[in-house]
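K.L.:
Let me give you the structure first, and then I'll get to my questions.
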Number of protein chains: 4
Amino acid sequence: MIGFCLVGGGFIGPLHAANIAAHPSARLVRVVDLNRQAAETLANRFGATASSDLDAALADPAVDVVMICTPPRTHAALIERAARAGKAVFCEKPVDLDVRRVDACAQTLAATRTPFFVAFNRRFDPTHPALFEAIRAGEIGRPEMLLLSSRDPEISPPDYVAAMPFGIFYDTMIHDFDMVRWLLQDEIVEVFARTAVMLGENDNPHRDPDTAMVQLKMKSGALAHVNSSFRAVYGYDQRIEAFGDKGMLISRNQQPTSLERHSAEGIRQDSLLRFFIERYAESYRRELDAFVRAIEAREPPPISVADASSRHGSIWLSVASPARRLVVMSRNTKHATRMMPL
Amino acid sequence: MIGFCLVGGGFIGPLHAANIAAHPSARLVRVVDLNRQAAETLANRFGATASSDLDAALADPAVDVVMICTPPRTHAALIERAARAGKAVFCEKPVDLDVRRVDACAQTLAATRTPFFVAFNRRFDPTHPALFEAIRAGEIGRPEMLLLSSRDPEISPPDYVAAMPFGIFYDTMIHDFDMVRWLLQDEIVEVFARTAVMLGENDNPHRDPDTAMVQLKMKSGALAHVNSSFRAVYGYDQRIEAFGDKGMLISRNQQPTSLERHSAEGIRQDSLLRFFIERYAESYRRELDAFVRAIEAREPPPISVADASSRHGSIWLSVASPARRLVVMSRNTKHATRMMPL
Amino acid sequence: MIGFCLVGGGFIGPLHAANIAAHPSARLVRVVDLNRQAAETLANRFGATASSDLDAALADPAVDVVMICTPPRTHAALIERAARAGKAVFCEKPVDLDVRRVDACAQTLAATRTPFFVAFNRRFDPTHPALFEAIRAGEIGRPEMLLLSSRDPEISPPDYVAAMPFGIFYDTMIHDFDMVRWLLQDEIVEVFARTAVMLGENDNPHRDPDTAMVQLKMKSGALAHVNSSFRAVYGYDQRIEAFGDKGMLISRNQQPTSLERHSAEGIRQDSLLRFFIERYAESYRRELDAFVRAIEAREPPPISVADASSRHGSIWLSVASPARRLVVMSRNTKHATRMMPL
Amino acid sequence: MIGFCLVGGGFIGPLHAANIAAHPSARLVRVVDLNRQAAETLANRFGATASSDLDAALADPAVDVVMICTPPRTHAALIERAARAGKAVFCEKPVDLDVRRVDACAQTLAATRTPFFVAFNRRFDPTHPALFEAIRAGEIGRPEMLLLSSRDPEISPPDYVAAMPFGIFYDTMIHDFDMVRWLLQDEIVEVFARTAVMLGENDNPHRDPDTAMVQLKMKSGALAHVNSSFRAVYGYDQRIEAFGDKGMLISRNQQPTSLERHSAEGIRQDSLLRFFIERYAESYRRELDAFVRAIEAREPPPISVADASSRHGSIWLSVASPARRLVVMSRNTKHATRMMPL
């Protein structure tokens with residue numbers, strides 16, 4: 001049995017806690033949250049010990065893994081503390097928004113030989129990996145174009161947006177850029193991005209980009225396109241299309257039921273699942289299982305810190321790198337300046 | 001060029017006339033209709049000669065083919081007149097509702113060596129024949145079950161219903177029974193049918209069956225099901241499903257456009273094409289072409305009078321009972337007796 | 001917390017045990033199996049107590065519910081023992097193959113005021129109930145026709161078939177007949193069934209029916225069709241179609257992924273889920289939840305013994321009733337005799 | 001009856017000739033082709049007069065319309081000759097590859113008050129206009145993103161490519177750029193294009209771009225994406241997706257049949273129609289009908305010369321305009337220089 005200490009009891013924390021409880025080889029030992037009440041509520045539900053401080057948890061020999069589900073800016077420091085305490089680390093993305101900080105983390109992880117996993121959950125969805133395998137098996141020959149639509153039904157609350165501007169890149173498309181690199185097993189060498197603010201003042205008071213299109217060129221010469229929006233009223237829209245010289249693969253959307261309604265007005269099916277936690281429920285179960293099995297087998301977990309590092313072309317962390325022709329244009333000059341490295 | 005004399009200018013007549021005009025090897029020479037005005041309107045549009053009498057047309061050496069589009073009860077006599085005049089015959093279904101009359105026609109056609117074609121247009125649709133070919137090619141192995149849904153958006157007008165009671169069998173399912181025999185290349189040996197009157201008095205004043213389910217057993221042992229309704233509000237519903245020991249084939253419905261509309265209420269596509277003439281437009285063009293090519297090649301047209309005869313198990317001609325609760329039709333008298341609840 | 005005693009550790013037992021363990025208000029207290037080793041393996045996995053005898057379990061005050069997952073012929077006696085011991089009962093279908101035995105059970109359940117649930121799991125699938133609700137909401141107006149395709153990829157092993165002949169009705173279509181009654185909220189008044197033996201001697205040595213079509217008439221006048229096969233090579237085929245005067249509803253099949261593969265040979269998607277436990281995984285979770293919530297609320301569980309009784313037209317138990325015109329024909333005279341009440 | 005003179009008997013010419021013959025208000029009067037034999041073959045088939053010179057045709061009072069189907073570089077001069085002879089003009093795209101030449105044509109057409117139509121046939125497809133109407137009707141609210149996939153199964157023959165380099169823009173995407181402007185009723189203000197040469201030397205000896213992605217910004221702020229390839233092995237891939245604040249519309253692909261094949265290997269449908277003339281057969285009939293009705297009603301035809309002119313942002317003709325931030329990058333320096341106006 002692998003003992004987990006969950007750090008951060010909000011939002012995604014309870015989902016991971018339930019998956020740990022349901023896993024035959026894992027158990028939830030501790031829950032740590034600055035809000036002690038939150039920690040206790042979650043811990044009680046699964047028979048774990050609660051605390052508002054990490055130190056006791058790191059000293060507990062029953063804890064094998066620290067699972068980090070706190071806000072992004074705290075990730076890097078928590079990773080380093082857990083690594084130095086000899087614990088394996090399961091960390092929500094991103095490692096950090098500053099690539100130099102990521103690199104520093106990577107050095108600590110290497111020095112301490114810490115098993116580390118960054119949770120790009122989409123790699124564990126039932127359909128996206130089937131697409132990956134089909135590419136690997138040569139079904140579409142050489143990949144030439146990749147298209148991703150990645151649209152949320154809603155923008156995050158204003159305080160969340162304020163805490164992480166340009167979240168459409170850092171929070172949403174970070175998954176798509178990971179998909180591009182992983183599906184094509186290739187690195188991004190050129191980026192052209194266009195953002196737009198389409199939502200009204202009420203929904204998007206900070207006027208942070210809520211709509212974006214990005215065109216990428218890969219090292220192999222393949223071209224990629226990603227589009228994103230924070231108001232897909234018809235649900236959480238998650239599609240991937242890979243085109244090559246022998247065919248095309250499409251990972252289509254999913255619906256809550258397979259009901260079809262025929263009337264004089266047309267044929268109607270359900271709109272899409274609305275919530276990423278529903279849409280990717282299976283991927284969260286599978287990523288935990290893949291991590292647990294790697295830990296049990298004393299093998300490296302399947303997504304490494306390198307996948308979150310600029311050395312591998314991860315453009316969302318590469319804004320400071322003048323070696324890349326990153327072009328992000330925006331009507332919002334402040335952000336544009338910050339994001340245009342040229 | 002094959003010269004056609006069209007007999008019967010109403011309803012389906014103008015469709016056939018336009019297809020003749022558009023065909024590179026056919027031309028419309030004459031139009032005959034008891035209503036001389038109707039004959040002239042149609043003839044003028046395509047540069048043909050109009051008359052209200054068939055004799056002049058049968059004497060015209062420019063007429064190679066008599067195409068019969070009149071009401072069903074007139075078909076047999078017209079076939080015989082045309083055959084005796086040495087013309088080839090293209091006849092809308094049915095040949096006659098009385099199987100003995102069909103047999104008499106068949107004898108005349110044989111004696112006069114008349115090229116004859118009964119227009120079961122669905123055999124020339126783009127999709128149904130692809131299903132036929134796939135069965136022939138062994139894609140589903142031995143056919144074990146066949147299911148047909150055959151639903152019209154509306155019942156025929158009351159006077160039409162009065163002129164042909166049990167039209168749900170004689171007018172609609174006649175096509176499905178032909179599909180069953182043709183697709184399976186097999187004969188029907190047992191029939192269990194249930195009809196219902198579901199429409200209100202206004203729409204169905206004669207209380208003629210407007211809904212029916214039929215279960216068939218074939219000589220090979222395969223089972224078939226046909227269902228029909230005269231109020232498919234979502235359009236003209238035409239589906240065929242063939243199941244065998246190696247798989248399943250489905251001829252699905254078709255829609256006027258391929259537009260998909262996504263909203264918070266769901267994903268909506270067009271309802272089905274509503275009118276059989278739209279749905280089977282291509283089949284009418286293809287059946288004419290198949291007929292013309294057979295005539296040019298001096299080969300037998302692809303659907304013979306035998307396909308409309310009881311000697312081949314055509315159950316839609318075997319109903320001797322004028323009673324409303326028609327439940328079982330079969331050549332097998334033993335079963336029929338046992339199974340008829342009247 | 002509701003304490004469960006699981007009786008019968010084979011096949012479906014472990015699935016129910018895992019669902020009980022995962023449910024926030026349920027726990028597995030005891031496992032009973034004639035095979036003590038099987039009972040212990042399952043009990044150990046979930047921290048329960050094992051035994052090969054039911055008496056100790058019935059005496060255990062921690063047991064609130066007896067969940068019966070044993071072979072069908074043992075169900076009725078187990079139900080009665082549990083009821084007399086004051087336990088609630090969750091029972092796999094069928095209650096019994098003899099309607100008189102079902103009626104006797106029903107009397108015991110009534111006399112002991114036992115909360116009872118017969119597990120027709122399909123009523124808890126995500127899509128079928130959406131179809132049910134749409135009918136209830138009037139989306140298709142008055143239901144006029146219902147069509148069900150219910151096909152398994154494989155026949156059961158020979159010893160299982162020997163133990164329950166005509167399993168295509170008793171084991172498979174029993175679900176469809178329940179769906180017909182439930183979806184239409186109507187009773188069956190007439191049945192016409194045709195069976196066939198299509199599989200070879202190797203796969204079906206007992207020559208038990210492996211293919212069947214059934215046509216039903218309902219009290220309301222609606223017509224229904226069910227077809228079934230034990231060799232759907234393309235997977236577990238589960239479709240329902242409801243047609244009415246205002247439209248049509250279809251509960252379509254489901255696939256393991258939403259991947260679409262485009263090549264010169266066509267557009268290919270996954271074949272269907274092959275195993276009923278995968279296809280209906282969600283329905284098993286939901287039926288347990290519905291049962292637990294009913295027990296907690298001291299309300300009657302949502303499917304009663306009446307749903308398994310001839311008094312409500314459940315045809316699979318009604319073969320002894322001369323009031324029904326049940327016609328089941330088979331080449332196997334022995335079975336035909338048994339099943340033809342007329 | 002509107003009399004047509006068809007100029008250019010190759011390729012698309014016979015298609016238009018057949019549509020003219022089938023149209024109730026149009027007739028083919030003359031066929032002009034430098035290759036007199038080609039002109040005669042086509043003219044004979046439809047009872048028209050053939051010639052290798054345009055002058056006689058322009059002098060013929062039976063000719064109301066000159067329909068131009070010759071190679072692109074000849075279009076502008078033919079338009080001007082026809083206009084000066086007082087004939088209406090139906091011209092295949094493009095008017096010319098040089099925007100100044102288009103402007104000169106436009107002046108002549110205005111001065112002579114010539115009814116003129118440039119044949120962007122996709123505007124007359126059954127589905128794309130349904131998408132147009134749905135946007136107009138507000139179904140998706142404000143359009144925010146538009147995505148077009150426009151892929152051919154094959155590259156044009158080498159001599160055709162040599163005669164028109166960058167055909168992926170001038171010959172293929174010209175339709176998509178027209179779709180973008182028409183569907184959004186908006187003008188393009190920024191272009192970012194990336195081309196690639198993916199085909200081998202045998203198929204693409206001139207190393208002309210055979211793959212491209214283009215990202216556009218519209219005057220309204222909406223973003224658009226177009227991708228194109230000359231080797232979609234699965235058929236002629238033509239999809240349009242419009243996204244707005246109230247929903248999404250998709251014009252999906254079409255298939256030759258609606259057959260679905262289920263086997264243990266999966267569910268297979270036809271690959272796409274392979275040839276643009278099949279895919280857009282209906283659009284060619286409809287564009288002719290729209291043109292004929294405009295001429296009969298003495299109204300301007302529905303697509304004007306302005307739709308082919310840089311004054312309206314038609315980027316394929318705008319390479320000489322420094323007012324636009326057109327960015328086209330290519331490994332082929334010569335073309336890149338020609339196409340980068342900045």
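Going through the structure tokens in order, the chains are called A, B, and so on, while each chain numbers its residues from 1 and the ligands are numbered from 1 in the order shown.
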For the interface of chain A with chain B (cut-off 7 Å, counting only C-alpha atoms), please tabulate each contacting residue of chain A alongside its nearest pair of atoms and their separation in Å to one decimal, rows sorted by chain and increasing number, as JSON lines.
P.N.:
```
{"residue": "A:Val233", "atom": "CA", "partner": "B:Ala264", "partner_atom": "CA", "distance": 5.4}
{"residue": "A:Tyr234", "atom": "CA", "partner": "B:Ala264", "partner_atom": "CA", "distance": 4.3}
{"residue": "A:His262", "atom": "CA", "partner": "B:Tyr234", "partner_atom": "CA", "distance": 5.9}
{"residue": "A:Ser263", "atom": "CA", "partner": "B:Tyr234", "partner_atom": "CA", "distance": 4.6}
{"residue": "A:Ala264", "atom": "CA", "partner": "B:Tyr234", "partner_atom": "CA", "distance": 4.3}
{"residue": "A:Glu265", "atom": "CA", "partner": "B:Ser271", "partner_atom": "CA", "distance": 6.4}
{"residue": "A:Gly266", "atom": "CA", "partner": "B:Ser271", "partner_atom": "CA", "distance": 3.7}
{"residue": "A:Ile267", "atom": "CA", "partner": "B:Gln269", "partner_atom": "CA", "distance": 5.0}
{"residue": "A:Arg268", "atom": "CA", "partner": "B:Arg268", "partner_atom": "CA", "distance": 4.3}
{"residue": "A:Gln269", "atom": "CA", "partner": "B:Ile267", "partner_atom": "CA", "distance": 5.1}
{"residue": "A:Asp270", "atom": "CA", "partner": "B:Gly266", "partner_atom": "CA", "distance": 4.6}
{"residue": "A:Ser271", "atom": "CA", "partner": "B:Gly266", "partner_atom": "CA", "distance": 3.7}
```
K.L.:
Would you export the selected residues with C-alpha atoms as an mmCIF file, in the first residue's frame, please?
P.N.:
```cif
data_model
loop_
_atom_site.group_PDB
_atom_site.id
_atom_site.type_symbol
_atom_site.label_atom_id
_atom_site.label_comp_id
_atom_site.auth_asym_id
_atom_site.auth_seq_id
_atom_site.Cartn_x
_atom_site.Cartn_y
_atom_site.Cartn_z
ATOM 1 C CA VAL A 233 -22.203 27.628 -24.169
ATOM 2 C CA TYR A 234 -22.766 24.091 -25.495
ATOM 3 C CA HIS A 262 -36.257 13.028 -33.504
ATOM 4 C CA SER A 263 -38.988 15.601 -34.022
ATOM 5 C CA ALA A 264 -40.280 17.843 -36.771
ATOM 6 C CA GLU A 265 -37.662 20.383 -35.586
ATOM 7 C CA GLY A 266 -34.747 18.045 -36.251
ATOM 8 C CA ILE A 267 -32.626 15.393 -34.594
ATOM 9 C CA ARG A 268 -31.305 16.418 -31.207
ATOM 10 C CA GLN A 269 -28.643 14.906 -28.984
ATOM 11 C CA ASP A 270 -27.364 16.003 -25.593
ATOM 12 C CA SER A 271 -25.007 18.916 -25.485
#
```
K.L.:
Which residues, written as an MDAnalysis selection string, have at least one atom at most 6 Å from region 13-29 of chain A, with only C-alpha atoms counted and residues fewer than 2 positions away on the same chain left out?
P.N.:
chainID A and resid 1:5 9:11 48 69
K.L.:
Write the residues you've just listed into a file as a PDB file, in the first residue's frame, and include C-alpha atoms for each of them.
P.N.:
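So selection_10.pdb came out as:
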```pdb
ATOM      1  CA  MET A   1       0.000   0.000   0.000  1.00  0.00           C
ATOM      2  CA  ILE A   2       1.277   3.452  -0.953  1.00  0.00           C
ATOM      3  CA  GLY A   3       0.519   6.131   1.653  1.00  0.00           C
ATOM      4  CA  PHE A   4      -0.482   9.552   0.339  1.00  0.00           C
ATOM      5  CA  CYS A   5      -0.353  12.964   1.966  1.00  0.00           C
ATOM      6  CA  GLY A   9      -7.936  20.318   0.137  1.00  0.00           C
ATOM      7  CA  GLY A  10      -9.800  22.646  -2.216  1.00  0.00           C
ATOM      8  CA  PHE A  11     -11.237  22.002  -5.682  1.00  0.00           C
ATOM      9  CA  ALA A  48      -6.878  10.185   7.414  1.00  0.00           C
ATOM     10  CA  CYS A  69      -2.960  20.347  -5.180  1.00  0.00           C
TER      11      CYS A  69
END
```
K.L.:
Could you jot down the CA of Asp208 (chain B) to CA of Phe230 (chain B) separation for me, Å, one decimal place?
P.N.:
10.8 Å
K.L.:
Could you list, as a PyMOL selection string, every residue within 12 Å of region 125-133 of chain C, counting only C-alpha atoms and ignoring same-chain residues fewer than 4 positions away?
P.N.:
(chain A and resi 255-262+269-270) or (chain C and resi 120-121+137-140+143+146+148+176+179-185+238-243+248-254+276-288+290)
K.L.:
Those residues you just picked out, can you put them in a file as a short mmCIF file (atom, residue, chain, number, x, y, z; two decimals), in the first residue's frame with N, CA and C atoms?
P.N.:
```cif
data_model
loop_
_atom_site.label_atom_id
_atom_site.label_comp_id
_atom_site.auth_asym_id
_atom_site.auth_seq_id
_atom_site.Cartn_x
_atom_site.Cartn_y
_atom_site.Cartn_z
N GLN A 255 -20.70 12.84 -24.72
CA GLN A 255 -21.97 13.36 -24.23
C GLN A 255 -22.45 12.55 -23.04
N PRO A 256 -23.25 13.17 -22.17
CA PRO A 256 -23.68 12.45 -20.96
C PRO A 256 -24.55 11.23 -21.25
N THR A 257 -25.37 11.27 -22.30
CA THR A 257 -26.15 10.09 -22.66
C THR A 257 -26.02 9.87 -24.17
N SER A 258 -26.48 8.70 -24.62
CA SER A 258 -26.49 8.42 -26.06
C SER A 258 -27.92 8.50 -26.60
N LEU A 259 -28.72 9.41 -26.04
CA LEU A 259 -30.11 9.56 -26.48
C LEU A 259 -30.19 10.46 -27.71
N GLU A 260 -31.04 10.05 -28.64
CA GLU A 260 -31.27 10.81 -29.88
C GLU A 260 -32.77 11.11 -29.94
N ARG A 261 -33.10 12.40 -30.14
CA ARG A 261 -34.50 12.81 -30.13
C ARG A 261 -34.89 13.32 -31.51
N HIS A 262 -35.83 12.65 -32.15
CA HIS A 262 -36.26 13.03 -33.50
C HIS A 262 -37.61 13.72 -33.44
N GLN A 269 -29.38 15.68 -29.97
CA GLN A 269 -28.64 14.91 -28.98
C GLN A 269 -28.28 15.82 -27.82
N ASP A 270 -27.83 15.22 -26.74
CA ASP A 270 -27.36 16.00 -25.59
C ASP A 270 -26.27 16.97 -26.02
N PHE C 120 -33.35 -5.07 -11.83
CA PHE C 120 -33.37 -4.83 -13.27
C PHE C 120 -32.49 -3.61 -13.55
N ASN C 121 -31.19 -3.88 -13.68
CA ASN C 121 -30.21 -2.79 -13.68
C ASN C 121 -30.39 -1.80 -14.82
N ALA C 137 -42.44 13.06 -20.32
CA ALA C 137 -42.60 14.50 -20.55
C ALA C 137 -43.40 14.78 -21.82
N GLY C 138 -43.83 13.73 -22.51
CA GLY C 138 -44.67 13.93 -23.69
C GLY C 138 -43.91 14.24 -24.97
N GLU C 139 -42.59 14.04 -24.98
CA GLU C 139 -41.82 14.43 -26.17
C GLU C 139 -42.24 13.70 -27.44
N ILE C 140 -42.68 12.45 -27.31
CA ILE C 140 -43.13 11.74 -28.52
C ILE C 140 -44.66 11.55 -28.50
N PRO C 143 -47.05 6.91 -27.15
CA PRO C 143 -46.15 5.90 -27.71
C PRO C 143 -46.95 4.91 -28.56
N LEU C 146 -42.50 0.40 -30.07
CA LEU C 146 -41.25 0.33 -29.31
C LEU C 146 -40.43 -0.80 -29.91
N LEU C 148 -36.71 -2.92 -29.61
CA LEU C 148 -35.51 -3.18 -28.81
C LEU C 148 -34.62 -4.20 -29.52
N ASP C 176 -35.55 -7.00 -21.53
CA ASP C 176 -36.27 -6.23 -22.55
C ASP C 176 -37.75 -6.17 -22.25
N MET C 179 -38.12 -3.65 -19.78
CA MET C 179 -38.01 -2.33 -20.42
C MET C 179 -39.33 -1.94 -21.11
N VAL C 180 -39.93 -2.89 -21.83
CA VAL C 180 -41.18 -2.61 -22.54
C VAL C 180 -42.25 -2.15 -21.56
N ARG C 181 -42.43 -2.94 -20.48
CA ARG C 181 -43.46 -2.60 -19.50
C ARG C 181 -43.17 -1.26 -18.82
N TRP C 182 -41.89 -1.06 -18.47
CA TRP C 182 -41.51 0.14 -17.72
C TRP C 182 -41.57 1.39 -18.60
N LEU C 183 -40.98 1.30 -19.78
CA LEU C 183 -40.91 2.48 -20.65
C LEU C 183 -42.31 2.92 -21.07
N LEU C 184 -43.16 1.93 -21.38
CA LEU C 184 -44.51 2.28 -21.84
C LEU C 184 -45.49 2.40 -20.67
N GLN C 185 -45.08 2.00 -19.47
CA GLN C 185 -46.01 1.99 -18.32
C GLN C 185 -47.31 1.31 -18.76
N GLN C 238 -27.18 -2.95 -27.70
CA GLN C 238 -28.27 -2.60 -26.78
C GLN C 238 -28.93 -1.32 -27.25
N ARG C 239 -29.97 -1.45 -28.06
CA ARG C 239 -30.63 -0.25 -28.56
C ARG C 239 -32.13 -0.27 -28.27
N ILE C 240 -32.68 0.89 -28.00
CA ILE C 240 -34.11 1.03 -27.77
C ILE C 240 -34.62 2.19 -28.61
N GLU C 241 -35.74 1.99 -29.26
CA GLU C 241 -36.34 3.05 -30.08
C GLU C 241 -37.82 3.15 -29.75
N ALA C 242 -38.24 4.36 -29.39
CA ALA C 242 -39.65 4.60 -29.06
C ALA C 242 -40.22 5.59 -30.07
N PHE C 243 -41.33 5.22 -30.66
CA PHE C 243 -41.96 6.03 -31.71
C PHE C 243 -43.35 6.43 -31.27
N MET C 248 -39.71 10.56 -32.22
CA MET C 248 -39.03 9.29 -31.97
C MET C 248 -37.85 9.53 -31.04
N LEU C 249 -37.59 8.57 -30.16
CA LEU C 249 -36.44 8.62 -29.25
C LEU C 249 -35.61 7.36 -29.47
N ILE C 250 -34.30 7.51 -29.50
CA ILE C 250 -33.43 6.35 -29.66
C ILE C 250 -32.35 6.37 -28.58
N SER C 251 -32.26 5.28 -27.84
CA SER C 251 -31.13 5.08 -26.93
C SER C 251 -30.10 4.27 -27.72
N ARG C 252 -29.06 4.95 -28.15
CA ARG C 252 -28.07 4.32 -29.04
C ARG C 252 -27.01 3.53 -28.27
N ASN C 253 -26.22 2.80 -29.01
CA ASN C 253 -25.11 2.07 -28.42
C ASN C 253 -24.00 2.99 -27.94
N GLN C 254 -23.08 2.43 -27.21
CA GLN C 254 -21.94 3.19 -26.68
C GLN C 254 -20.64 2.49 -27.06
N PHE C 276 -21.37 -6.96 -20.81
CA PHE C 276 -22.48 -6.23 -20.20
C PHE C 276 -22.05 -5.51 -18.94
N ILE C 277 -21.02 -6.02 -18.28
CA ILE C 277 -20.58 -5.38 -17.03
C ILE C 277 -19.90 -4.04 -17.31
N GLU C 278 -19.23 -3.95 -18.48
CA GLU C 278 -18.67 -2.66 -18.89
C GLU C 278 -19.79 -1.71 -19.33
N ARG C 279 -20.67 -2.26 -20.21
CA ARG C 279 -21.73 -1.43 -20.79
C ARG C 279 -22.64 -0.84 -19.72
N TYR C 280 -22.92 -1.66 -18.71
CA TYR C 280 -23.87 -1.22 -17.69
C TYR C 280 -23.20 -0.92 -16.36
N ALA C 281 -21.88 -0.64 -16.37
CA ALA C 281 -21.15 -0.35 -15.14
C ALA C 281 -21.84 0.74 -14.33
N GLU C 282 -22.21 1.79 -15.03
CA GLU C 282 -22.83 2.92 -14.34
C GLU C 282 -24.19 2.54 -13.77
N SER C 283 -24.93 1.67 -14.49
CA SER C 283 -26.27 1.27 -14.01
C SER C 283 -26.16 0.48 -12.71
N TYR C 284 -25.10 -0.33 -12.55
CA TYR C 284 -24.94 -1.08 -11.31
C TYR C 284 -24.66 -0.14 -10.14
N ARG C 285 -23.83 0.89 -10.39
CA ARG C 285 -23.58 1.88 -9.33
C ARG C 285 -24.87 2.60 -8.97
N ARG C 286 -25.64 2.99 -9.99
CA ARG C 286 -26.84 3.78 -9.73
C ARG C 286 -27.95 2.96 -9.06
N GLU C 287 -28.06 1.66 -9.43
CA GLU C 287 -29.14 0.88 -8.81
C GLU C 287 -28.85 0.69 -7.32
N LEU C 288 -27.56 0.48 -6.98
CA LEU C 288 -27.20 0.34 -5.57
C LEU C 288 -27.53 1.63 -4.82
N ALA C 290 -29.73 3.92 -5.60
CA ALA C 290 -31.19 4.10 -5.48
C ALA C 290 -31.74 3.21 -4.37
#
```
K.L.:
If you measure from CA of Thr108 (chain D) to CA of Leu34 (chain D), what distance in Å do you get, rounded to one decimal?
P.N.:
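Going from CA of Thr108 (chain D) over to CA of Leu34 (chain D) covers 24.7 Å.
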K.L.:
Please identify all polymer residues within 10 Å of region 57-62 of chain C, counting only C-alpha atoms, omitting same-chain residues fewer than 2 positions from it, and present them as a ChimeraX atom specification.
P.N.:
/C:1-7,27-32,49-55,64-66,81-87
K.L.:
Near Val226 (chain B), counting only C-alpha atoms, which residues have an atom at most 9 Å away, once you skip same-chain residues fewer than 3 positions from it, shown as a VMD selection string?
P.N.:
chain B and resid 146 to 150 173 176 to 177 212 to 216
K.L.:
Save the residues we just selected, C-alpha atoms, as a CSV table (one decimal), in the first residue's frame?
P.N.:
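Output file part_26.csv follows:
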```csv
chain,number,residue,atom,x,y,z
B,146,LEU,CA,-33.3,-8.3,-41.3
B,147,LEU,CA,-35.1,-5.2,-39.8
B,148,LEU,CA,-36.8,-2.6,-41.9
B,149,SER,CA,-38.4,0.7,-40.7
B,150,SER,CA,-40.6,2.2,-43.4
B,173,MET,CA,-44.7,-2.4,-47.3
B,176,ASP,CA,-40.2,-3.6,-47.9
B,177,PHE,CA,-41.4,-7.1,-48.8
B,212,ALA,CA,-48.2,-2.0,-38.7
B,213,MET,CA,-45.6,-4.5,-37.5
B,214,VAL,CA,-44.9,-7.7,-39.5
B,215,GLN,CA,-42.6,-10.5,-38.5
B,216,LEU,CA,-41.5,-12.9,-41.3
```
K.L.:
What does the structure give for the distance between CA of Pro301 (chain C) and CA of Thr74 (chain C), in Å to one decimal?
P.N.:
21.7 Å
K.L.:
Extract the full set of strand (DSSP E) residues from region 21-242 of chain D according to DSSP on the backbone, and format it as a PyMOL selection string.
P.N.:
chain D and resi 26-32+49-51+65-68+88-91+116-118+143-151+188-196+211-218+223-229+237-242
K.L.:
As a PyMOL selection string, list the residues of region 87-231 of chain D assigned to helix (DSSP H, G or I) by DSSP on the backbone atoms of this structure.
P.N.:
chain D and resi 99-112+121-124+127-136+158-163+167-184
